[in-house]
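Colleague: Okay, handing you the structure first.
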Amino acid sequence: MKTNKTLMGKIYIVGAGPGDPELLTMKAYTVLQSAHIVFVDRLVSKEIRNLIPSRSTIVEVGKAPGQQSVPQEEINTGLIEAALKGFDVCRLKGGDPFVFGRGGEEQQAAQQAGLEVEVVPGITAAAGCAAAAGIPLTHRGLSQAVTLVTAQAADELNINWRALAAPDQTLVFYMGIRQAGQIQTQLVSRGLAPTTTLAIIENGTRPEQRIFHGKLGQLRAMVEQNQIASPALVVIGEVTRLGVNADNLTSLNALAEEFCA
């Protein structure tokens, strides 16, 4: 049986970026203004939520670590049912919907239901938050690769720790606060020096942003002592020494030259 697509709504899977509303793309803003129903993640900032028109219906589908959350299958079903009723639907997700956002699963479910889907990219947290903290993810002489890692797991993280402990790269752990102790222990045991510098960025790009600098051997203690909470990123690597401002540019260039020597 053929589906009459003219009677159906469209699903937009939209990245809201790391939190600063000025980092929302123009296309994402346009979709927000026209959508009938907006399914919103927990990590979408209140400033971006305030951009949703009052005429739109907001459906909260956020997931929080350690708390009861809406199952992904239920979210998929909600998106599909709303679009089948003729509503244009915005699935608003923090960061980029295809980077640890399960946007691919939602796209696949909608397509299997015969619905039109459009993905609107967003600035992923690793790029947005690191840049806002003055940390380049790559830098000549310091880091030739970037690895994005999700640290969301109930128990043991199933990760190739030996590969992550390789030198001359930047590691960015999403959702890594609850696993800080395991990240520290595993990387050090695989050979990454406990003196390796790192930064923790809490609420990156937002007014309440906090940035903590330290070393890998201090990671667990940094999280506990500063009561760091999600959303937060853990950035590990020599690039965390860097900051794009005139006060330390000379010393940073000297550091890069030292690593190149």
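Quick note on naming: the chains in the structure tokens go A, B, ... in the order shown, residues restart at 1 in each chain, and ligands are numbered from 1 in order of appearance.
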Residues of region 22-69 of chain A in helix (DSSP H, G or I) according to DSSP, as a PyMOL selection string?

Modeller: chain A and resi 22-23+26-34+46-49

Colleague: What's the 7 Å shell around Cys90 (chain A), counting only C-alpha atoms, without same-chain residues fewer than 5 positions away, as a VMD selection string?

Modeller: chain A and resid 11 to 14 32 35 37 to 39

Colleague: Just to be explicit: take each residue in the selection above, keep N, CA and C atoms, and write the result as a tab-separated table (two decimals), in the first residue's frame.

Modeller:
chain	number	residue	atom	x	y	z
A	11	ILE	N	9.74	15.30	9.41
A	11	ILE	CA	10.53	15.23	10.63
A	11	ILE	C	11.89	15.88	10.38
A	12	TYR	N	12.23	16.83	11.23
A	12	TYR	CA	13.54	17.48	11.18
A	12	TYR	C	14.33	17.04	12.41
A	13	ILE	N	15.49	16.48	12.20
A	13	ILE	CA	16.38	16.10	13.30
A	13	ILE	C	17.45	17.19	13.39
A	14	VAL	N	17.36	17.99	14.44
A	14	VAL	CA	18.08	19.26	14.50
A	14	VAL	C	19.10	19.29	15.63
A	32	LEU	N	12.83	25.66	13.96
A	32	LEU	CA	12.17	25.85	15.25
A	32	LEU	C	10.94	26.76	15.12
A	35	ALA	N	8.03	24.56	13.17
A	35	ALA	CA	7.59	23.24	13.60
A	35	ALA	C	6.33	23.32	14.47
A	37	ILE	N	5.42	20.65	16.47
A	37	ILE	CA	5.76	19.93	17.70
A	37	ILE	C	7.28	19.84	17.79
A	38	VAL	N	7.82	20.08	19.00
A	38	VAL	CA	9.26	20.01	19.22
A	38	VAL	C	9.54	19.01	20.33
A	39	PHE	N	10.24	17.96	19.99
A	39	PHE	CA	10.69	16.96	20.97
A	39	PHE	C	12.07	17.40	21.45

Colleague: Would you list the contacts of Tyr29 (chain A) as a PyMOL selection string, taking every protein, DNA or RNA residue within 9 Å and counting only C-alpha atoms, but skipping same-chain residues closer than 6 positions in sequence?

Modeller: chain A and resi 16+51-52

Colleague: So, with only C-alpha atoms as the atoms that count, which of A:Met26, A:Phe87, A:Arg42, A:Gly94 lies closest to Ser56 (chain A)?

Modeller: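 That would be A:Phe87, the residue with the smallest distance to Ser56 (chain A).
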
Colleague: Tell me which of A:Val61, A:Leu79, A:Leu233, A:Leu242 sits closest to Tyr174 (chain A), counting only C-alpha atoms.

Modeller: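 Using only C-alpha atoms, the shortest distance to Tyr174 (chain A) belongs to A:Leu233.
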
Colleague: Could you please determine the separation between CA of Pro121 (chain A) and CA of Pro97 (chain A) in Å, to one decimal place?

Modeller: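 It comes out at 6.8 Å.
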
Colleague: Measuring atom to atom with only C-alpha atoms, identify which of A:Ile177, A:Val59, A:Leu142, A:Ile211 is nearest to His36 (chain A).

Modeller: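 Of the candidates, the smallest distance to His36 (chain A) is held by A:Val59.
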
Colleague: Name the residues in contact with Thr138 (chain A) at a cut-off of 12 Å, using only C-alpha atoms, excluding same-chain residues fewer than 4 positions from it; report them as a list in words.

Modeller: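 Those residues are Ala126, Ala127, Ala130, Ala131, Gly134, Leu142, Ser143, Gln144, Ala145, Val146, Thr147, Asp168, Gln169, Thr170, Leu171, Val172, Val235, Ile236, Gly237, Glu238, Val239, Thr240, Arg241, Leu242 and Ala256 of chain A.
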
Colleague: Tell me, in Å to one decimal, how far CA of Gln218 (chain A) is from CA of Leu157 (chain A).

Modeller: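 So the answer is 19.6 Å.
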
Colleague: Hey, can you check how far CA of Gly204 (chain A) sits from CA of Ala132 (chain A)?

Modeller: 7.0 Å

Colleague: Give the answer as one residue: which of A:Thr30, A:Gln179, A:Gln111, A:Gln184 has the shortest atom-to-atom distance to Ala165 (chain A), using only C-alpha atoms?

Modeller: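 The shortest atom-to-atom distance to Ala165 (chain A) comes from A:Gln184.
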
Colleague: With distances taken over only C-alpha atoms, which of A:Asn203, A:Thr197, A:Gln186, A:Ser54 is nearest to Ile135 (chain A)?

Modeller: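 That would be A:Thr197, the residue with the smallest distance to Ile135 (chain A).
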